[in-house]
>>> print(open('work-v7.cif').read())   # mmCIF, C-alpha atoms
data_work
loop_
_atom_site.label_atom_id
_atom_site.label_comp_id
_atom_site.auth_asym_id
_atom_site.auth_seq_id
_atom_site.Cartn_x
_atom_site.Cartn_y
_atom_site.Cartn_z
CA MET A 1 29.08 0.50 -19.62
CA GLU A 2 30.67 -2.20 -17.51
CA GLN A 3 33.95 -1.44 -15.80
CA SER A 4 37.04 -2.48 -17.73
CA ASN A 5 38.90 -3.64 -14.63
CA LEU A 6 36.51 -6.54 -14.15
CA ASN A 7 37.89 -9.84 -15.35
CA ARG A 8 36.61 -11.21 -18.64
CA PRO A 9 35.21 -14.53 -17.29
CA TRP A 10 33.06 -12.59 -14.81
CA LEU A 11 31.75 -10.33 -17.59
CA ILE A 12 30.90 -13.31 -19.78
CA ARG A 13 29.16 -15.11 -16.93
CA ARG A 14 27.18 -12.00 -16.01
CA SER A 15 26.18 -11.45 -19.64
CA VAL A 16 24.98 -15.04 -20.03
CA GLN A 17 23.06 -14.88 -16.75
CA GLN A 18 21.32 -11.64 -17.72
CA TRP A 19 20.33 -12.85 -21.18
CA LEU A 20 19.03 -16.10 -19.68
CA THR A 21 17.03 -14.04 -17.16
CA VAL A 22 15.37 -12.16 -20.03
CA GLY A 23 14.93 -15.26 -22.19
CA GLY A 24 13.47 -17.31 -19.34
CA TYR A 25 11.00 -14.55 -18.51
CA LEU A 26 9.83 -14.28 -22.11
CA LEU A 27 9.52 -18.07 -22.35
CA VAL A 28 7.38 -18.18 -19.20
CA TRP A 29 5.27 -15.31 -20.57
CA ILE A 30 4.68 -17.17 -23.85
CA LEU A 31 3.87 -20.47 -22.12
CA ILE A 32 1.41 -18.80 -19.74
CA GLY A 33 -0.26 -17.14 -22.72
CA VAL A 34 -0.59 -20.50 -24.49
CA PHE A 35 -1.82 -22.55 -21.54
CA SER A 36 -4.13 -19.87 -20.11
CA GLN A 37 -6.36 -19.85 -23.18
CA ASN A 38 -9.85 -21.20 -22.55
CA VAL A 39 -9.22 -21.80 -18.85
CA SER A 40 -10.93 -20.32 -15.80
CA LEU A 41 -9.61 -17.19 -14.11
CA VAL A 42 -8.55 -19.25 -11.10
CA VAL A 43 -6.44 -21.56 -13.27
CA GLY A 44 -5.00 -18.54 -15.04
CA ALA A 45 -4.16 -16.99 -11.68
CA TRP A 46 -2.29 -20.11 -10.59
CA LEU A 47 -0.39 -20.08 -13.87
CA LEU A 48 0.69 -16.49 -13.20
CA LEU A 49 1.71 -17.19 -9.62
CA GLY A 50 3.39 -20.49 -10.39
CA GLY A 51 5.17 -19.56 -13.62
CA PHE A 52 6.52 -16.14 -12.76
CA GLY A 53 6.93 -16.95 -9.06
CA LEU A 54 9.07 -19.99 -9.87
CA TRP A 55 11.21 -18.07 -12.35
CA LEU A 56 11.76 -15.28 -9.80
CA LEU A 57 12.97 -17.83 -7.25
CA VAL A 58 15.31 -19.36 -9.83
CA VAL A 59 16.78 -15.95 -10.71
CA LEU A 60 17.21 -14.93 -7.06
CA TRP A 61 18.81 -18.26 -6.13
CA TRP A 62 21.03 -18.55 -9.20
CA GLN A 63 22.26 -14.98 -9.63
CA LYS A 64 21.63 -13.32 -6.25
CA PRO A 65 21.16 -10.04 -8.19
CA LEU A 66 20.18 -7.96 -5.15
CA ALA A 67 22.89 -9.15 -2.78
CA ASN A 68 25.27 -6.24 -3.41
CA TYR A 69 22.73 -3.43 -3.08
CA SER A 70 21.85 -1.62 0.13
CA LEU A 71 18.37 -0.92 1.42
CA LYS A 72 19.54 1.85 3.77
CA GLN A 73 19.18 4.75 1.33
CA VAL A 74 16.28 3.43 -0.71
CA LEU A 75 13.23 4.81 1.07
CA TRP A 76 14.11 8.49 0.68
CA PRO A 77 14.67 8.33 -3.12
CA ALA A 78 11.46 6.33 -3.46
CA PHE A 79 9.60 8.93 -1.41
CA ALA A 80 11.21 11.79 -3.35
CA TRP A 81 9.99 10.26 -6.57
CA GLY A 82 6.47 9.86 -5.24
CA GLY A 83 5.35 12.83 -7.31
CA ALA A 84 6.61 11.24 -10.50
CA ILE A 85 4.92 7.96 -9.67
CA VAL A 86 1.64 9.70 -8.90
CA THR A 87 1.90 11.57 -12.21
CA VAL A 88 2.31 8.30 -14.06
CA GLU A 89 -0.56 6.87 -12.06
CA VAL A 90 -2.85 9.72 -13.08
CA VAL A 91 -1.95 9.11 -16.72
CA PHE A 92 -2.55 5.40 -16.28
CA ILE A 93 -5.90 5.90 -14.55
CA LEU A 94 -6.97 8.28 -17.31
CA ALA A 95 -5.98 5.65 -19.86
CA VAL A 96 -8.07 3.03 -18.06
CA TYR A 97 -11.01 5.42 -18.00
CA LEU A 98 -10.70 6.05 -21.73
CA ALA A 99 -10.29 2.34 -22.34
CA SER A 100 -13.55 1.67 -20.53
CA ARG A 101 -15.22 3.96 -23.06
CA GLY A 102 -14.03 1.77 -25.89
CA THR A 103 -10.95 3.70 -27.03
CA ASN A 104 -8.40 1.17 -25.80
CA ALA A 105 -9.73 -2.37 -25.47
CA ASN A 106 -6.34 -4.01 -24.90
CA LEU A 107 -5.58 -1.98 -21.78
CA VAL A 108 -8.98 -2.46 -20.19
CA GLN A 109 -8.94 -6.20 -20.92
CA ASN A 110 -5.54 -6.59 -19.26
CA THR A 111 -6.48 -4.64 -16.12
CA ASN A 112 -9.96 -6.15 -15.84
CA GLN A 113 -8.58 -9.68 -15.94
CA LEU A 114 -6.17 -8.93 -13.11
CA VAL A 115 -8.91 -7.28 -11.04
CA LEU A 116 -11.25 -10.24 -11.57
CA MET A 117 -8.43 -12.61 -10.59
CA VAL A 118 -7.79 -10.68 -7.38
CA LYS A 119 -11.50 -10.69 -6.51
CA GLN A 120 -11.80 -14.44 -7.09
CA MET A 121 -8.39 -15.31 -5.69
CA PRO A 122 -6.86 -12.62 -3.40
CA LEU A 123 -3.52 -14.43 -3.52
CA VAL A 124 -3.02 -12.90 -6.97
CA ALA A 125 -2.29 -9.64 -5.16
CA VAL A 126 1.01 -11.26 -4.16
CA TYR A 127 1.88 -11.52 -7.84
CA ILE A 128 0.89 -7.91 -8.55
CA LEU A 129 2.54 -6.35 -5.49
CA VAL A 130 5.58 -8.59 -4.96
CA ILE A 131 6.44 -11.03 -7.73
CA ALA A 132 5.81 -8.80 -10.75
CA PRO A 133 7.64 -5.67 -9.47
CA ILE A 134 10.75 -7.58 -8.40
CA LEU A 135 10.92 -9.87 -11.42
CA GLU A 136 10.17 -7.17 -13.97
CA GLU A 137 12.81 -4.82 -12.58
CA LEU A 138 15.40 -7.60 -12.62
CA VAL A 139 14.42 -8.55 -16.17
CA PHE A 140 13.89 -5.18 -17.85
CA ARG A 141 16.16 -2.82 -15.93
CA VAL A 142 18.96 -4.91 -14.40
CA SER A 143 19.28 -7.43 -17.26
CA LEU A 144 17.84 -6.27 -20.60
CA PHE A 145 18.76 -2.60 -20.33
CA GLU A 146 22.31 -3.32 -19.21
CA ARG A 147 22.81 -5.89 -21.99
CA LEU A 148 21.51 -3.47 -24.61
CA VAL A 149 23.73 -0.61 -23.46
CA ASN A 150 26.84 -2.79 -23.37
CA GLY A 151 25.88 -4.45 -26.65
CA PHE A 152 25.54 -1.10 -28.38
CA HIS A 153 28.91 0.01 -27.00
CA TRP A 154 30.53 -3.21 -28.21
CA PHE A 155 28.98 -2.78 -31.66
CA LEU A 156 30.50 0.71 -31.91
CA GLY A 157 33.92 -0.50 -30.85
CA GLY A 158 33.71 0.52 -27.20
CA THR A 159 33.49 4.24 -27.84
CA THR A 160 31.93 6.47 -25.21
CA ARG A 161 31.24 9.25 -27.69
CA PHE A 162 27.55 8.40 -28.04
CA HIS A 163 27.07 7.08 -24.50
CA LYS A 164 23.97 9.16 -23.64
CA SER A 165 22.39 8.44 -27.02
CA LEU A 166 22.98 4.71 -26.60
CA ILE A 167 21.41 4.81 -23.14
CA ALA A 168 18.36 6.58 -24.60
CA VAL A 169 18.01 4.01 -27.39
CA ALA A 170 18.42 1.11 -24.95
CA ALA A 171 15.81 2.66 -22.63
CA LEU A 172 13.36 3.07 -25.50
CA VAL A 173 13.82 -0.51 -26.73
CA THR A 174 13.34 -1.77 -23.17
CA ALA A 175 10.22 0.38 -22.77
CA LEU A 176 8.71 -0.92 -26.01
CA LEU A 177 9.21 -4.54 -24.97
CA PHE A 178 7.87 -3.73 -21.48
CA ALA A 179 4.73 -2.28 -23.06
CA GLN A 180 4.33 -5.23 -25.42
CA VAL A 181 4.54 -7.76 -22.60
CA HIS A 182 1.99 -5.89 -20.48
CA SER A 183 -0.70 -5.14 -23.05
CA GLY A 184 -0.16 -7.28 -26.14
CA ILE A 185 0.40 -4.10 -28.15
CA ILE A 186 2.71 -1.15 -27.57
CA LEU A 187 0.75 1.40 -25.52
CA PRO A 188 2.21 4.82 -24.63
CA GLN A 189 1.08 4.50 -21.00
CA TYR A 190 3.36 1.52 -20.40
CA VAL A 191 6.18 3.10 -22.40
CA LEU A 192 6.01 6.18 -20.15
CA ILE A 193 6.01 4.06 -16.99
CA SER A 194 9.02 2.10 -18.20
CA LEU A 195 10.98 5.21 -19.16
CA ILE A 196 10.48 6.75 -15.72
CA LEU A 197 11.56 3.52 -14.04
CA GLN A 198 14.51 3.45 -16.44
CA TYR A 199 15.53 6.92 -15.33
CA LEU A 200 15.37 5.86 -11.68
CA TYR A 201 17.70 2.95 -12.40
CA CYS A 202 20.17 5.12 -14.32
CA HIS A 203 20.15 7.80 -11.62
CA TYR A 204 20.37 5.68 -8.46
CA ARG A 205 21.92 2.46 -9.83
CA ASN A 206 20.07 0.56 -7.13
CA PRO A 207 17.32 -1.84 -8.24
CA TRP A 208 15.67 -1.59 -4.82
CA VAL A 209 14.61 1.97 -5.66
CA ASN A 210 12.95 0.67 -8.82
CA ILE A 211 11.33 -2.22 -7.01
CA PHE A 212 9.73 -0.02 -4.34
CA ALA A 213 8.64 2.52 -6.95
CA HIS A 214 7.11 -0.29 -9.02
CA ILE A 215 5.36 -1.74 -5.97
CA GLY A 216 3.93 1.69 -5.16
CA LEU A 217 2.67 2.13 -8.70
CA ASN A 218 1.01 -1.30 -8.74
CA PHE A 219 -0.47 -0.72 -5.28
CA LEU A 220 -2.07 2.57 -6.34
CA THR A 221 -3.36 1.06 -9.56
CA LEU A 222 -4.81 -2.02 -7.88
CA GLY A 223 -6.39 0.07 -5.12
CA PHE A 224 -8.05 2.36 -7.64
CA LEU A 225 -9.40 -0.51 -9.74
CA LEU A 226 -10.77 -2.37 -6.72
CA VAL A 227 -12.64 0.66 -5.35
#
>>> encode(input="work-v7.cif", output="structure tokens")
Amino acid sequence: MEQSNLNRPWLIRRSVQQWLTVGGYLLVWILIGVFSQNVSLVVGAWLLLGGFGLWLLVVLWWQKPLANYSLKQVLWPAFAWGGAIVTVEVVFILAVYLASRGTNANLVQNTNQLVLMVKQMPLVAVYILVIAPILEELVFRVSLFERLVNGFHWFLGGTTRFHKSLIAVAALVTALLFAQVHSGIILPQYVLISLILQYLYCHYRNPWVNIFAHIGLNFLTLGFLLV
């Protein structure tokens, strides 16, 4: 929950900025989905790079959300959580394998499209390894999750009695939306990934840890699918 000693105008401005970050991301996601229908993979790739890349630049320029966080103590936590990331990766790879056998068409379609885009247009790797991890952590962890937690507290009159329960509910809601955005339906693989990233954010309170963990996850996934 946000600190009470912060002035009210700052809290309102931060709340508006975070909700606009989430809303803008979802709007870009919807528009890309609409305009990428019946177009070539190259055009779809440019829509991904242009749409999400532009929104990331807007968020970074407008809010400067990473300005107050240090990079000095990020690498060790990210390394320490390598085991957790690899565990998620194994689950994800297994899911892709099962999807290729016809048990999960949505997941295999999503990953195959990205792999085909990378093969036809290597620049898409910039989206997968840079744009997506940074933007998604700012949207889902820094903005949506924080707004949900504070919104739940406000709804209950500011009580801290159910703080851990509210965090768990906010994390689950965030994970469900994260999964929906990534696969078109709510898949447990994406829910699990989001919950682990959510834990990292709650534990370290530094989005850089999440960003590097997310980059590592995407790097492993992309490397496996390209082999």
>>> residues_around(input="work-v7.cif", residues="Val169 in chain A", least_positions_apart="3", cutoff="12 Å", atoms="all atoms listed in the file", output="number ranges by chain")
A: 145-146, 148-153, 162-166, 172-176, 195, 198
>>> residues_around(input="work-v7.cif", residues="range 43-47 of chain A", least_positions_apart="3", cutoff="7 Å", atoms="only C-alpha atoms", output="list of chain:residue names")
A:Ile32, A:Ser36, A:Val39, A:Ser40, A:Gly50, A:Gly51, A:Met117, A:Val124
>>> resolve_selection(input="work-v7.cif", expression="the PyMOL selection byres ((chain A and resi 140) around 10)", output="PyMOL selection string")
chain A and resi 18+21-22+25+135-139+141-147+171+174-175+177-178+194+197-198
>>> resolve_selection(input="work-v7.cif", expression="the PyMOL selection byres ((chain A and resi 133) around 10)", output="JSON, numbers by chain")
{"A": [127, 128, 129, 130, 131, 132, 134, 135, 136, 137, 138, 139, 210, 211, 212, 213, 214, 215, 216, 217, 218]}
>>> closest_residue(input="work-v7.cif", among="A:Leu26, A:Trp19, A:Leu57, A:Arg161", to="His182 in chain A", atoms="only C-alpha atoms")
A:Leu26
>>> closest_residue(input="work-v7.cif", among="A:Leu220, A:Val42, A:Ile30, A:Ile193", to="Leu116 in chain A", atoms="all atoms listed in the file")
A:Val42
>>> closest_residue(input="work-v7.cif", among="A:Leu114, A:Gln180, A:Val126, A:Asn206", to="Thr221 in chain A", atoms="only C-alpha atoms")
A:Leu114
>>> atom_distance(input="work-v7.cif", atom1="CA of Val115 in chain A", atom2="CA of Leu222 in chain A")
7.4 Å
>>> atom_distance(input="work-v7.cif", atom1="CA of Leu41 in chain A", atom2="CA of Gly24 in chain A")
23.7 Å
>>> atom_distance(input="work-v7.cif", atom1="CA of Leu225 in chain A", atom2="CA of Met121 in chain A")
15.4 Å
>>> resolve_selection(input="work-v7.cif", expression="the PyMOL selection byres ((chain A and resi 63) around 12)", output="ChimeraX atom specification")
/A:13-21,55-62,64-68,138,142-143
>>> decode(input="work-v7.cif", residues="range 26-44 of chain A", atoms="N, CA, C and O atoms", output="mmCIF file, in the first residue's frame")
data_model
loop_
_atom_site.group_PDB
_atom_site.id
_atom_site.type_symbol
_atom_site.label_atom_id
_atom_site.label_comp_id
_atom_site.auth_asym_id
_atom_site.auth_seq_id
_atom_site.Cartn_x
_atom_site.Cartn_y
_atom_site.Cartn_z
ATOM 1 N N LEU A 26 -3.254 -1.957 -23.376
ATOM 2 C CA LEU A 26 -4.368 -2.780 -23.844
ATOM 3 C C LEU A 26 -4.932 -2.244 -25.155
ATOM 4 O O LEU A 26 -5.323 -3.025 -26.036
ATOM 5 N N LEU A 27 -4.967 -0.923 -25.302
ATOM 6 C CA LEU A 27 -5.452 -0.330 -26.551
ATOM 7 C C LEU A 27 -4.534 -0.693 -27.715
ATOM 8 O O LEU A 27 -5.005 -1.063 -28.802
ATOM 9 N N VAL A 28 -3.222 -0.595 -27.486
ATOM 10 C CA VAL A 28 -2.261 -0.978 -28.530
ATOM 11 C C VAL A 28 -2.417 -2.450 -28.875
ATOM 12 O O VAL A 28 -2.391 -2.837 -30.049
ATOM 13 N N TRP A 29 -2.582 -3.285 -27.859
ATOM 14 C CA TRP A 29 -2.760 -4.728 -28.067
ATOM 15 C C TRP A 29 -3.997 -5.010 -28.921
ATOM 16 O O TRP A 29 -3.950 -5.834 -29.847
ATOM 17 N N ILE A 30 -5.087 -4.329 -28.630
ATOM 18 C CA ILE A 30 -6.322 -4.522 -29.407
ATOM 19 C C ILE A 30 -6.137 -4.043 -30.843
ATOM 20 O O ILE A 30 -6.528 -4.732 -31.796
ATOM 21 N N LEU A 31 -5.538 -2.872 -31.021
ATOM 22 C CA LEU A 31 -5.348 -2.315 -32.361
ATOM 23 C C LEU A 31 -4.433 -3.201 -33.204
ATOM 24 O O LEU A 31 -4.692 -3.413 -34.394
ATOM 25 N N ILE A 32 -3.369 -3.718 -32.594
ATOM 26 C CA ILE A 32 -2.473 -4.611 -33.330
ATOM 27 C C ILE A 32 -3.223 -5.870 -33.745
ATOM 28 O O ILE A 32 -3.071 -6.364 -34.860
ATOM 29 N N GLY A 33 -4.051 -6.390 -32.838
ATOM 30 C CA GLY A 33 -4.847 -7.568 -33.174
ATOM 31 C C GLY A 33 -5.796 -7.318 -34.328
ATOM 32 O O GLY A 33 -5.990 -8.192 -35.186
ATOM 33 N N VAL A 34 -6.379 -6.121 -34.391
ATOM 34 C CA VAL A 34 -7.316 -5.777 -35.466
ATOM 35 C C VAL A 34 -6.594 -5.597 -36.790
ATOM 36 O O VAL A 34 -6.980 -6.164 -37.822
ATOM 37 N N PHE A 35 -5.514 -4.812 -36.785
ATOM 38 C CA PHE A 35 -4.836 -4.475 -38.035
ATOM 39 C C PHE A 35 -3.892 -5.571 -38.540
ATOM 40 O O PHE A 35 -3.456 -5.528 -39.695
ATOM 41 N N SER A 36 -3.563 -6.537 -37.683
ATOM 42 C CA SER A 36 -2.653 -7.609 -38.122
ATOM 43 C C SER A 36 -3.386 -8.779 -38.757
ATOM 44 O O SER A 36 -2.748 -9.739 -39.194
ATOM 45 N N GLN A 37 -4.699 -8.718 -38.811
ATOM 46 C CA GLN A 37 -5.459 -9.786 -39.460
ATOM 47 C C GLN A 37 -5.280 -9.714 -40.973
ATOM 48 O O GLN A 37 -5.339 -8.645 -41.567
ATOM 49 N N ASN A 38 -5.030 -10.873 -41.565
ATOM 50 C CA ASN A 38 -4.893 -10.995 -43.016
ATOM 51 C C ASN A 38 -3.749 -10.152 -43.582
ATOM 52 O O ASN A 38 -3.853 -9.602 -44.686
ATOM 53 N N VAL A 39 -2.677 -10.009 -42.807
ATOM 54 C CA VAL A 39 -1.488 -9.323 -43.307
ATOM 55 C C VAL A 39 -0.314 -10.292 -43.229
ATOM 56 O O VAL A 39 -0.375 -11.320 -42.555
ATOM 57 N N SER A 40 0.761 -9.964 -43.917
ATOM 58 C CA SER A 40 1.937 -10.831 -43.907
ATOM 59 C C SER A 40 2.624 -10.785 -42.542
ATOM 60 O O SER A 40 2.389 -9.881 -41.729
ATOM 61 N N LEU A 41 3.485 -11.777 -42.292
ATOM 62 C CA LEU A 41 4.210 -11.819 -41.028
ATOM 63 C C LEU A 41 5.121 -10.610 -40.863
ATOM 64 O O LEU A 41 5.304 -10.108 -39.750
ATOM 65 N N VAL A 42 5.672 -10.138 -41.967
ATOM 66 C CA VAL A 42 6.563 -8.976 -41.896
ATOM 67 C C VAL A 42 5.789 -7.744 -41.460
ATOM 68 O O VAL A 42 6.236 -6.975 -40.598
ATOM 69 N N VAL A 43 4.605 -7.543 -42.034
ATOM 70 C CA VAL A 43 3.768 -6.405 -41.639
ATOM 71 C C VAL A 43 3.356 -6.546 -40.174
ATOM 72 O O VAL A 43 3.382 -5.585 -39.408
ATOM 73 N N GLY A 44 2.985 -7.764 -39.779
ATOM 74 C CA GLY A 44 2.634 -8.003 -38.388
ATOM 75 C C GLY A 44 3.796 -7.721 -37.449
ATOM 76 O O GLY A 44 3.601 -7.190 -36.350
#
